[in-house]
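Note sheet for the following structure.
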Amino acid sequence: MVLLSQVAVADVYKTVDKDGNIKYTDKPSTESAEKLELREINTVPGAQPQAFPQSVPVDSVDAQSAALNYQITIISPRNDVTIPVGQRDLAIAINLKPELKQGHLLVYFMNGELLEETTMNNIIVKDVPRGTHTVVVEAIDENGRSLGTSAPIIVNIIRPNIHNNALSKPTPK
């Protein structure tokens, strides 16, 4: 730790050689070296990982649901796909084993927020905003208990930047 703190407060010097080349160093090589005052380093905290629905242990009272564990695989879109500018909607399709039982639902999430609860193996999300999104699908029983969760996938949406051209055009005279 002591060594790290010494590095953090090390001086930086600027020298110019006879050919006009600038050199920066922590040890001045000539008397003409200029000691620089550096600004504090800007830092940005890292993004916090998002919590996704986790499987909740099922009470032993509901033995039928306890014995059932759905295997959910998101088959479309594929992981880390980039959706092009012209595609406004996002279709999400899953593969589910075994078949969904009566009273059970599939719950679709994007970025940890509920998109839809349905019995369908596919949905369409309208006008997804640009950016990187995480999609997860979970199967739940009639009491809301988790019976299986898909692996999360990443979807990158590209949207054009809209510029107000009126501001950049000269006004007619």
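Residues in the structure tokens are numbered from 1 in each chain, the chains being A, B, ... in the order shown, and ligands are numbered from 1 in the order shown.
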Do you know which residues are at most 10 Å from Gln87 (chain A) counting only C-alpha atoms, after dropping those on the same chain fewer than 3 positions away, and could you put them as a short mmCIF file (atom, residue, chain, number, x, y, z; two decimals) with N, CA, C and O atoms, in the first residue's frame?
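Saved file result-v7.cif follows:
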data_model
loop_
_atom_site.label_atom_id
_atom_site.label_comp_id
_atom_site.auth_asym_id
_atom_site.auth_seq_id
_atom_site.Cartn_x
_atom_site.Cartn_y
_atom_site.Cartn_z
N ILE A 83 -29.30 -5.55 -33.30
CA ILE A 83 -30.50 -5.34 -34.10
C ILE A 83 -30.29 -4.07 -34.92
O ILE A 83 -30.02 -3.01 -34.36
N PRO A 84 -30.43 -4.15 -36.26
CA PRO A 84 -30.14 -2.99 -37.12
C PRO A 84 -31.17 -1.88 -37.00
O PRO A 84 -32.25 -2.05 -36.45
N LEU A 90 -38.79 -6.22 -31.47
CA LEU A 90 -37.91 -7.33 -31.10
C LEU A 90 -38.77 -8.56 -30.81
O LEU A 90 -39.64 -8.52 -29.94
N ASP A 127 -41.09 -1.29 -30.48
CA ASP A 127 -40.25 -0.09 -30.36
C ASP A 127 -39.27 -0.13 -29.19
O ASP A 127 -39.29 0.74 -28.33
N VAL A 128 -38.40 -1.11 -29.19
CA VAL A 128 -37.39 -1.23 -28.14
C VAL A 128 -36.42 -0.06 -28.28
O VAL A 128 -35.93 0.21 -29.38
N ILE A 157 -29.41 -2.81 -29.47
CA ILE A 157 -30.34 -2.16 -30.39
C ILE A 157 -29.68 -0.89 -30.93
O ILE A 157 -29.24 -0.04 -30.15
N ILE A 158 -29.65 -0.76 -32.26
CA ILE A 158 -29.10 0.44 -32.89
C ILE A 158 -30.27 1.30 -33.36
O ILE A 158 -31.20 0.81 -33.99
N ARG A 159 -30.22 2.57 -33.02
CA ARG A 159 -31.22 3.54 -33.47
C ARG A 159 -30.46 4.77 -33.96
O ARG A 159 -29.42 5.12 -33.40
#
Contact residues around region 20-28 of chain A with only C-alpha atoms at 8 Å, ignoring same-chain residues under 6 positions, as a PyMOL selection string: chain A and resi 10-14
Find the distance between CA of Arg78 (chain A) and CA of Met120 (chain A) and write it in Å to one decimal. 18.5 Å
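In this structure, CA of Gly86 (chain A) sits 29.2 Å away from CA of Glu138 (chain A).
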Between CA of Arg130 (chain A) and CA of Asp89 (chain A), what distance in Å does the model show, to one decimal? 11.2 Å
Run DSSP on the backbone and give me the residues of region 27-138 of chain A it puts in strand (DSSP E), as JSON, numbers by chain. {"A": [34, 35, 36, 71, 72, 73, 74, 75, 76, 81, 82, 83, 90, 91, 92, 93, 94, 95, 96, 97, 105, 106, 107, 108, 109, 110, 113, 114, 115, 116, 117, 118, 122, 123, 124, 125, 131, 132, 133, 134, 135, 136, 137, 138]}
Which is closer to Arg88 (chain A) than all the others in A:Ile72, A:Leu38, A:Val125, A:Ile153, using only C-alpha atoms?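 Using only C-alpha atoms, the shortest distance to Arg88 (chain A) belongs to A:Val125.
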Shortest contact to Asn156 (chain A), candidates A:Thr118, A:His104, A:Asp17, A:Pro77, atoms counted only C-alpha atoms, goes to A:Pro77
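Using only C-alpha atoms, the shortest contact distance between Lys35 (chain A) and any of A:Thr73, A:Asn111, A:Leu100, A:Thr15 is found at A:Thr15.
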Name the residues of region 27-155 of chain A that fall into alpha helix (DSSP H) according to DSSP on the backbone, using the chain letters and numbers of this document, as a list of chain:residue names.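 Alpha helix (DSSP H) members of region 27-155 of chain A, listed: A:Ala63, A:Gln64, A:Ser65, A:Ala66, A:Ala67.
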Need the shell around Gln71 (chain A): protein/DNA/RNA residues with any atom at most 9 Å away, counting only C-alpha atoms. Skip same-chain ones fewer than 3 positions apart. Format as a JSON list (two decimals) with C-alpha atoms, in the first residue's frame?
[["chain", "number", "residue", "atom", "x", "y", "z"],
["A", 95, "ASN", "CA", -37.66, -23.46, -26.31],
["A", 96, "LEU", "CA", -39.36, -24.98, -23.27],
["A", 97, "LYS", "CA", -39.05, -28.51, -21.83],
["A", 98, "PRO", "CA", -41.36, -30.01, -20.70],
["A", 139, "ALA", "CA", -41.66, -20.07, -15.71],
["A", 147, "LEU", "CA", -40.14, -23.27, -11.82],
["A", 148, "GLY", "CA", -37.16, -22.45, -14.01],
["A", 149, "THR", "CA", -35.29, -19.49, -15.47],
["A", 150, "SER", "CA", -33.46, -19.07, -18.77]]
